[in-house]
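> The structure follows.
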Amino acid sequence: MAAALLLSPLSASAKADNATPPERTPLFNAESFMLDNGMQVVVIPNHRIPVVTHMVWYYTGGADEPRGKTGVAHLMEHMMFKGSSNVPTGEFSTRVKTLGGQDNAFTSLDFTAYFQSVPARHLETVMRMEADRMQSLLMPEDHVISERDVVIQERKQVTENNPRAHFAEHLNTAAFINHPYGRPVIGWMQEIKNINRGDLMDFHDKHYAPNNAILVVSGDITAEQLKALATEIYGAIPPKEIAQRDWTDIPVVVGDVEMHHSDPRIRQNSVMKIARAPSFRQDKTAALSLQLLETILSDGSNSRLYKSLVVDQKIASNVSMSYNGSTWEDGKIWLSATPNDGFTNKQATDALMYELNKISQNGVTDTELSEAKTRLTESAIFARDSLSGPAMIVGRALITGSSLDDVEYWAYDLNNITAQDLQNTAERYLNENNNPFVTGHLSPAIVKEEDQVQ
Amino acid sequence: MMKIHFLLFTFLLLSFTACDDAQDANTDIISHEGILDIQEIKTKSGITIWLVEDHSLPIIAMNFAFKGAGAALDPADKQGLSQLASNTFDEGAGDYSSEDFQKTLNDNSISIRFVSNRDYFGGQFKTLTKHKDLAAELLHLALTEPRFEPEAVDRMRNANISRIKHSLSKPQWVAARFLNDVAYEGHPYAQNSGGTVSTLGNITPEDLHQFAKTRLSREDLHIGIMGDISAAQASAMIDNIFGALPETQDLKETASLQLQNPGKTILYEMDNPQTIIQISQQGIAKTDPDYYAAIVMNYILGGSGFGSRLMEEVREKRGLSYGIYTYLGHMDSINTLQLSTSTQNENVAQTLGIIAEEWQKMSDAPITEKELQDAQAYLVGSLPLSLTSTDKISGLLLNMQMDKLPISYLDDRSAKIEAVTTEDVSAVSQNLLNLDNAVTILVGKPSAINEDVVIKKDIPNAE
């Protein structure tokens, strides 16, 4: 079945060949079906080696937390490793390891996902363990307290020990005024400290259910085999009534937002700019255009930004534009630059914005567009060269509201985007007059002695 | 034992390709059938390749390394030379300007990446099958006719200096500077292989040309290839890329090294909420008969992450840290056992105390049968997870040769791990674990430290 196609090198190279119009062939040959209780199941067969990656994605994350309770979704993810009816506290990961497997989990604002990569013969075991913690969490009180301490350490290690990450957290808040996307996923310190067992149990009750989750399995398995297992194991879990997401809207932003932060730990100036942009779910044409713009502007040393700011003008030592549209609501555009000695943040940002505006005014060349399309199309072939990669891509797309076809025919859809689409998108979302950017300046703190020396 | 057969008809396919390319009559192939069907190929110019053929995706990955040609040879006043070479070999070569070279790579989805570390200079090359000849030609040109134009060298120097300034705010990076400086004092390993702000400024395009002329030889070259390519094609491709390099180079051998300043604890104060803790002590060679007992011991002590004794005591029971890990490090001149963690400043003394207790416990009392079995089950059972992509396998094939492991290593490995007993682990723990001979680095603002701490003010080998 699908496997033969997936493994055939011919189908891949035919698709990658840009000289002929791209065929509408699927990338992963994934199959999707629904269980009776409303749980979506996706299988991505790949028989290169006898291993599988098993993932469960929940339609819930930091943005679904009650007001004043930031950090609950992420601490919830930690507590999923602290025992359920049939898996004693602290044994989840060690059991996976004795199967020769690896496991982990991650939380975002939109979703929470759990995964194990194991030899294929152990798939059923990890499915039963995952299903167990979907429906029956122990959440021992003493472990809530120690794990909350762990998260406090995590926040200190990942965010507060890193001045750049700490500052970016605040910039993000300004880009998403009055919207839960303005929160840090890990939570604000003072709110993490107040999370209790009741908050976590409520969150699990409200959001952890088969009809609020997607199962994705990639690797050495067929749809038929997975269907039987999933029906027996996850199909037995009763669905719950899931409340609609109730997220507040972002008001029209008045005034230019510019933030400054100096820190003695910082040794050089740098600047970041953030703006909102449509997600794939909200506007696919704009999202695909932004991916192509990202490639043209910022992929490699022949990209427009690197060539202009780093090679030709020598204003900056590095510069980048990136776009993330795999979100339920608004995605994000990130710009950043580190000016060279003798140049200011303003000179770097002016040069950067000049390149963006050039595209809104004059568009891109046909050659640039077709080269960007070829590069992205060929990157899809490399994406198949992985066990867990395809499951990550498919899971993340579906959980943020894209369809399986959006993933399978991504390269085909990308090739239908026109130079005009790119110009329109640049004018709408990369032009500061039409889409407000939040700007952040990070600089070294001036120490007194150094002041005198200068 | 699980068998992973990537290609059942290796011999059949080989004989076909060999007939097609009659020129390859000299190609000498030894095929090893096991977990991976590794073919050892000797090319006409005398280069040895380990190849695993897999035609399920149109992708070829190749990892290569010149052993002994790495940053340990960089002069003290030109630290970062190897690193800068790795950044500039792909900035124009032969008739290709920097821009043309990069554009050709980009437009054809070819990835050529150079890497340097203390012990070797090498790289990774990944391409779609249809672009393999172009990819090989580009790599050949980069290695034999690199341009090292002043513009590109300056630009890459600049990027490195910016990277260093950026890293100065990262406490883990700062801790690593101290660890190298103290534990490897007096040895080339003490230098910063990424260069320093001032030494990078001393490196000229001429130094880089000298690097290209004097460091790379076929004798020191090791190669791992995985993917959509036959043995005959691989052999021809490798000769095209590397065949013109000198057969040998006169490289200075790096002296072997014992861990320096044993027992010292160094503190660098940084105004952070957490203190980074890095500890290093003498380790064990991969070729040592006790090596397999040591990897079991390390797994149980702190190597496994969740489930390890240290993770259990420090994170799970007490919530002192987000993570604590130990690992066995292997370099040409020294083997180490290292620990890294971070904890809030008030809890540093307590965390260090737990680490000392666990070190002691591991040497004093035997591990349990269950601990042994769980460790063995993971170490044996997880092997297939390290074989899930083309470049993971090409990297593994290279590393096996760099570590001088036999071609049957993957097949023998399971039996050797399964043969380890609790007594073996006790014996290796008693021989190996000794915090009195370790170097401890603290970066942060720890309160109430009992130990004899040497406070340092300047970050070594950075500015």
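As shown in the structure tokens, the chain order sets the letters A, B, ...; within each chain, residues go from 1, and ligands are also counted from 1 in the order they appear.
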Please find the residues of chain B near chain A - the criterion being any atom within 8 Å, counting only C-alpha atoms - and write them as a VMD selection string.
chain B and resid 4 6 55 to 59 99 102 to 103 106 to 109 155 158 to 159 162 165 to 166 168 to 171 270 to 274 306 to 307 315 to 322 342 to 344 374 to 375 377 to 385 387 to 390
> If you run DSSP on this backbone, which residues of segment 162-399 of chain A come out as helix (DSSP H, G or I), and could you give them as number ranges by chain?
A: 163-175, 180-182, 189-192, 197-207, 210-212, 223-233, 284-298, 304-312, 345-362, 366-383, 388-399
> With only C-alpha atoms as the counted atoms, please give the residues lying no more than 9 Å from segment 412-427 of chain B, apart from itself and same-chain residues fewer than 3 positions off, as a list in words.
Met1, Asp290, Tyr292, Ala293, Ala294, Ile295, Val296, Met297, Met362, Ser363, Asp364, Ala365, Pro366, Ile367, Thr368, Glu369, Leu372, Gln373, Gln376, Ala377, Leu379, Val380, Gly381, Ser408, Tyr409, Gln430, Asn431 and Leu432 of chain B
> List the neighbours of segment 360-362 of chain A out to 8 Å using only C-alpha atoms; skip same-chain residues closer than 4 positions along the sequence, and give me the result as a PDB file with N, CA and C atoms, in the first residue's frame.

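So the final result, stored in out-v3.pdb, reads:
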ATOM      1  N   LEU A 356      12.704  45.047   3.711  1.00  0.00           N
ATOM      2  CA  LEU A 356      11.324  44.554   3.730  1.00  0.00           C
ATOM      3  C   LEU A 356      10.434  45.439   2.862  1.00  0.00           C
ATOM      4  N   GLN A 423       4.102  39.938  -2.847  1.00  0.00           N
ATOM      5  CA  GLN A 423       4.129  41.397  -2.709  1.00  0.00           C
ATOM      6  C   GLN A 423       2.965  41.888  -1.843  1.00  0.00           C
ATOM      7  N   ASN A 424       1.788  41.338  -2.085  1.00  0.00           N
ATOM      8  CA  ASN A 424       0.625  41.732  -1.271  1.00  0.00           C
ATOM      9  C   ASN A 424       0.852  41.411   0.199  1.00  0.00           C
ATOM     10  N   THR A 425       1.388  40.221   0.448  1.00  0.00           N
ATOM     11  CA  THR A 425       1.613  39.802   1.834  1.00  0.00           C
ATOM     12  C   THR A 425       2.658  40.690   2.495  1.00  0.00           C
ATOM     13  N   ALA A 426       3.709  41.006   1.747  1.00  0.00           N
ATOM     14  CA  ALA A 426       4.759  41.871   2.307  1.00  0.00           C
ATOM     15  C   ALA A 426       4.173  43.244   2.628  1.00  0.00           C
ATOM     16  N   GLU A 427       3.380  43.773   1.729  1.00  0.00           N
ATOM     17  CA  GLU A 427       2.783  45.096   1.938  1.00  0.00           C
ATOM     18  C   GLU A 427       1.873  45.072   3.181  1.00  0.00           C
ATOM     19  N   LEU A 430       4.599  43.039   6.396  1.00  0.00           N
ATOM     20  CA  LEU A 430       5.990  43.408   6.678  1.00  0.00           C
ATOM     21  C   LEU A 430       6.188  44.917   6.672  1.00  0.00           C
ATOM     22  N   ASN A 431       5.158  45.647   6.270  1.00  0.00           N
ATOM     23  CA  ASN A 431       5.237  47.103   6.255  1.00  0.00           C
ATOM     24  C   ASN A 431       4.736  47.640   7.592  1.00  0.00           C
TER      25      ASN A 431
END
> Give me every strand (DSSP E or B) residue in segment 109-328 of chain A, going by DSSP on the backbone, as number ranges by chain.
A: 112-119, 137, 213-219, 257-263, 270-277, 316-324
> Those same residues - N, CA and C atoms - I'd like them written as a compact mmCIF listing (two decimals), in the first residue's frame.

# COMPACT_ATOMS: atom_id res chain seq x y z
N THR A 112 -0.44 20.61 23.99
CA THR A 112 0.48 19.86 24.83
C THR A 112 0.64 18.50 24.17
N ALA A 113 1.87 18.03 24.03
CA ALA A 113 2.09 16.77 23.31
C ALA A 113 3.02 15.86 24.09
N TYR A 114 2.76 14.56 23.99
CA TYR A 114 3.53 13.54 24.71
C TYR A 114 4.00 12.52 23.68
N PHE A 115 5.24 12.10 23.77
CA PHE A 115 5.68 11.11 22.77
C PHE A 115 6.67 10.10 23.34
N GLN A 116 6.67 8.93 22.68
CA GLN A 116 7.65 7.88 22.97
C GLN A 116 8.12 7.33 21.63
N SER A 117 9.44 7.12 21.51
CA SER A 117 9.97 6.38 20.37
C SER A 117 10.46 5.04 20.91
N VAL A 118 9.92 3.96 20.37
CA VAL A 118 10.23 2.62 20.90
C VAL A 118 10.35 1.62 19.75
N PRO A 119 11.04 0.49 19.99
CA PRO A 119 10.99 -0.60 19.03
C PRO A 119 9.52 -0.94 18.74
N LEU A 137 -5.35 10.31 36.55
CA LEU A 137 -4.09 10.83 37.07
C LEU A 137 -4.07 10.80 38.59
N ALA A 213 -8.07 15.28 21.54
CA ALA A 213 -6.69 14.85 21.29
C ALA A 213 -6.55 14.22 19.92
N ILE A 214 -5.32 14.19 19.45
CA ILE A 214 -4.99 13.51 18.19
C ILE A 214 -3.87 12.51 18.47
N LEU A 215 -4.05 11.29 17.98
CA LEU A 215 -2.99 10.28 18.08
C LEU A 215 -2.24 10.25 16.75
N VAL A 216 -0.92 10.37 16.81
CA VAL A 216 -0.10 10.27 15.60
C VAL A 216 0.96 9.20 15.82
N VAL A 217 1.02 8.23 14.92
CA VAL A 217 2.06 7.20 15.02
C VAL A 217 2.81 7.15 13.69
N SER A 218 4.13 7.29 13.75
CA SER A 218 4.94 7.15 12.54
C SER A 218 5.90 6.00 12.72
N GLY A 219 6.27 5.38 11.61
CA GLY A 219 7.26 4.31 11.69
C GLY A 219 6.74 3.00 11.14
N VAL A 257 5.38 50.83 19.91
CA VAL A 257 5.90 50.22 21.14
C VAL A 257 7.39 49.94 20.96
N GLU A 258 8.18 50.56 21.81
CA GLU A 258 9.62 50.36 21.75
C GLU A 258 10.09 50.13 23.17
N MET A 259 10.81 49.03 23.42
CA MET A 259 11.26 48.73 24.78
C MET A 259 12.78 48.70 24.81
N HIS A 260 13.34 49.13 25.92
CA HIS A 260 14.79 49.16 26.08
C HIS A 260 15.16 48.40 27.33
N HIS A 261 16.21 47.58 27.24
CA HIS A 261 16.68 46.90 28.43
C HIS A 261 18.20 46.84 28.42
N SER A 262 18.81 47.33 29.50
CA SER A 262 20.27 47.15 29.61
C SER A 262 20.55 46.23 30.77
N ASP A 263 21.60 45.44 30.63
CA ASP A 263 21.89 44.41 31.60
C ASP A 263 23.42 44.24 31.65
N SER A 270 21.86 44.64 20.55
CA SER A 270 21.13 43.89 19.54
C SER A 270 19.70 44.38 19.56
N VAL A 271 18.98 44.07 18.49
CA VAL A 271 17.61 44.55 18.38
C VAL A 271 16.72 43.42 17.87
N MET A 272 15.50 43.38 18.41
CA MET A 272 14.51 42.39 17.96
C MET A 272 13.23 43.14 17.64
N LYS A 273 12.50 42.65 16.67
CA LYS A 273 11.18 43.22 16.37
C LYS A 273 10.19 42.07 16.18
N ILE A 274 9.01 42.25 16.77
CA ILE A 274 7.98 41.21 16.64
C ILE A 274 6.71 41.82 16.08
N ALA A 275 6.06 41.11 15.18
CA ALA A 275 4.72 41.51 14.74
C ALA A 275 3.85 40.28 14.59
N ARG A 276 2.56 40.49 14.66
CA ARG A 276 1.64 39.38 14.44
C ARG A 276 1.44 39.19 12.93
N ALA A 277 1.08 37.97 12.55
CA ALA A 277 0.79 37.67 11.14
C ALA A 277 -0.15 36.47 11.14
N ALA A 316 25.76 44.89 10.10
CA ALA A 316 25.43 43.92 11.16
C ALA A 316 26.27 42.66 11.02
N SER A 317 26.49 41.97 12.15
CA SER A 317 27.20 40.69 12.07
C SER A 317 26.22 39.54 11.85
N ASN A 318 24.98 39.74 12.22
CA ASN A 318 23.97 38.78 11.81
C ASN A 318 22.61 39.44 11.77
N VAL A 319 21.72 38.86 10.97
CA VAL A 319 20.40 39.43 10.78
C VAL A 319 19.46 38.31 10.39
N SER A 320 18.21 38.37 10.85
CA SER A 320 17.29 37.32 10.43
C SER A 320 15.85 37.76 10.47
N MET A 321 15.04 37.09 9.66
CA MET A 321 13.59 37.24 9.69
C MET A 321 13.04 35.83 9.78
N SER A 322 12.14 35.59 10.73
CA SER A 322 11.53 34.27 10.75
C SER A 322 10.04 34.40 10.99
N TYR A 323 9.33 33.40 10.51
CA TYR A 323 7.87 33.42 10.60
C TYR A 323 7.40 32.08 11.15
N ASN A 324 6.52 32.11 12.11
CA ASN A 324 5.88 30.89 12.60
C ASN A 324 4.38 31.01 12.45
> Looking at only C-alpha atoms, which of B:Val153, B:Leu433, B:Ala231, B:Ile324 is the one that sits closest to Gly283 of chain B?
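The answer is B:Leu433, which sits nearest to Gly283 of chain B.
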> Give me the residues within 7 Å of segment 184-196 of chain B as JSON, numbers by chain, counting only C-alpha atoms and dropping any in the same chain fewer than 3 places off.
{"B": [71, 72, 79, 80, 83, 117, 118, 180, 181, 199, 200, 259, 260, 461, 462, 463]}
> Can you pull out the residues contacting Glu357 of chain B? Cut-off 12 Å, using only C-alpha atoms, and skip same-chain residues under 2 positions away; I want them as number ranges by chain.
B: 301, 309-310, 313-314, 350-355, 359-365, 433-435
> Would you mind exporting N, CA and C atoms of the selected residues as a compact mmCIF listing (two decimals), in the first residue's frame?

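Listing of out04.txt after writing:
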# COMPACT_ATOMS: atom_id res chain seq x y z
N LEU B 301 24.14 6.22 37.57
CA LEU B 301 24.51 7.37 38.40
C LEU B 301 23.82 8.65 37.91
N ARG B 309 20.08 7.87 39.58
CA ARG B 309 20.09 8.14 41.03
C ARG B 309 20.17 9.65 41.30
N LEU B 310 21.00 10.34 40.56
CA LEU B 310 21.14 11.78 40.82
C LEU B 310 19.85 12.53 40.47
N GLU B 313 17.38 11.90 43.29
CA GLU B 313 17.66 12.59 44.55
C GLU B 313 17.53 14.11 44.41
N VAL B 314 18.06 14.65 43.33
CA VAL B 314 18.15 16.11 43.21
C VAL B 314 16.85 16.72 42.67
N GLN B 350 23.80 22.29 49.28
CA GLN B 350 23.01 21.06 49.45
C GLN B 350 23.16 20.15 48.23
N THR B 351 23.11 20.75 47.06
CA THR B 351 23.23 19.95 45.82
C THR B 351 24.62 19.31 45.73
N LEU B 352 25.65 20.09 46.05
CA LEU B 352 27.01 19.51 46.02
C LEU B 352 27.13 18.36 47.01
N GLY B 353 26.45 18.50 48.16
CA GLY B 353 26.47 17.45 49.17
C GLY B 353 25.83 16.16 48.65
N ILE B 354 24.72 16.30 47.94
CA ILE B 354 24.04 15.11 47.41
C ILE B 354 24.92 14.44 46.34
N ILE B 355 25.55 15.26 45.51
CA ILE B 355 26.43 14.70 44.48
C ILE B 355 27.54 13.88 45.14
N TRP B 359 28.21 9.82 44.70
CA TRP B 359 29.52 9.33 44.23
C TRP B 359 30.01 8.24 45.18
N GLN B 360 29.91 8.57 46.49
CA GLN B 360 30.39 7.65 47.52
C GLN B 360 29.57 6.36 47.51
N LYS B 361 28.25 6.51 47.45
CA LYS B 361 27.36 5.35 47.52
C LYS B 361 27.64 4.39 46.37
N MET B 362 27.90 4.96 45.20
CA MET B 362 28.15 4.12 44.03
C MET B 362 29.43 3.29 44.22
N SER B 363 30.43 3.86 44.90
CA SER B 363 31.66 3.09 45.12
C SER B 363 31.52 2.12 46.29
N ASP B 364 30.73 2.51 47.30
CA ASP B 364 30.67 1.71 48.53
C ASP B 364 29.77 0.49 48.43
N ALA B 365 28.63 0.62 47.77
CA ALA B 365 27.65 -0.47 47.78
C ALA B 365 27.35 -0.91 46.36
N LEU B 433 35.50 6.45 40.41
CA LEU B 433 34.81 7.57 41.03
C LEU B 433 35.64 8.14 42.18
N ASN B 434 36.01 9.39 42.05
CA ASN B 434 36.80 10.02 43.10
C ASN B 434 36.67 11.54 42.98
N LEU B 435 35.76 12.09 43.79
CA LEU B 435 35.52 13.54 43.70
C LEU B 435 36.71 14.34 44.21
> Please determine, counting only C-alpha atoms, which residue among B:Tyr96, B:Phe89, B:Phe242, B:Trp173 has the shortest atom-to-atom distance to Ala142 of chain B.
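Closest residue, counting only C-alpha atoms: B:Phe89.
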> Please compute the atom CA of Thr365 of chain A-atom CA of Leu128 of chain B distance, one decimal, in Å.
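Taking atom CA of Thr365 of chain A as the start and atom CA of Leu128 of chain B as the end point, the length is 25.9 Å.
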> Go through A:Trp188, A:Ala30, A:Phe280, A:Val42 one by one, measure the shortest atom-to-atom distance of each to Thr173 of chain A using only C-alpha atoms, and give the residue with the smallest value.
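Comparing A:Trp188, A:Ala30, A:Phe280, A:Val42 against Thr173 of chain A, the winner is A:Trp188.
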> Need the shell around Ala286 of chain A: protein/DNA/RNA residues with any atom at most 10 Å away, counting only C-alpha atoms. Skip same-chain ones fewer than 4 positions apart. Format as a list in words?
Ala277, Pro278, Ser279, Phe280, Gln282, Leu290, Gln291, Leu292, Gly325, Ile417, Asp421, Leu422, Asn424, Thr425, Ala426, Arg428 and Tyr429 of chain A
> Where does segment 105-197 of chain A meet segment 234-244 of chain A within 10 Å, residue by residue, with the nearest atom pair and distance in Å to one decimal for each, counting only C-alpha atoms, listed by chain and rising number, as a Markdown table?

| residue | atom | partner | partner_atom | distance |
| --- | --- | --- | --- | --- |
| A:Met127 | CA | A:Tyr234 | CA | 8.0 |
| A:Arg128 | CA | A:Tyr234 | CA | 8.1 |
| A:Glu130 | CA | A:Tyr234 | CA | 9.0 |
| A:Ala131 | CA | A:Tyr234 | CA | 6.0 |
| A:Asp132 | CA | A:Tyr234 | CA | 9.2 |
| A:Met134 | CA | A:Ile237 | CA | 8.6 |
| A:Gln135 | CA | A:Ile237 | CA | 7.3 |
> Could you write out the selected residues, including C-alpha atoms, as a compact mmCIF listing (two decimals), in the first residue's frame?

# COMPACT_ATOMS: atom_id res chain seq x y z
CA MET A 127 -0.22 3.14 24.03
CA ARG A 128 -1.69 1.56 27.15
CA GLU A 130 -0.46 6.90 27.54
CA ALA A 131 -4.16 6.02 27.58
CA ASP A 132 -3.92 5.35 31.31
CA MET A 134 -5.28 10.41 29.81
CA GLN A 135 -8.04 9.18 32.08
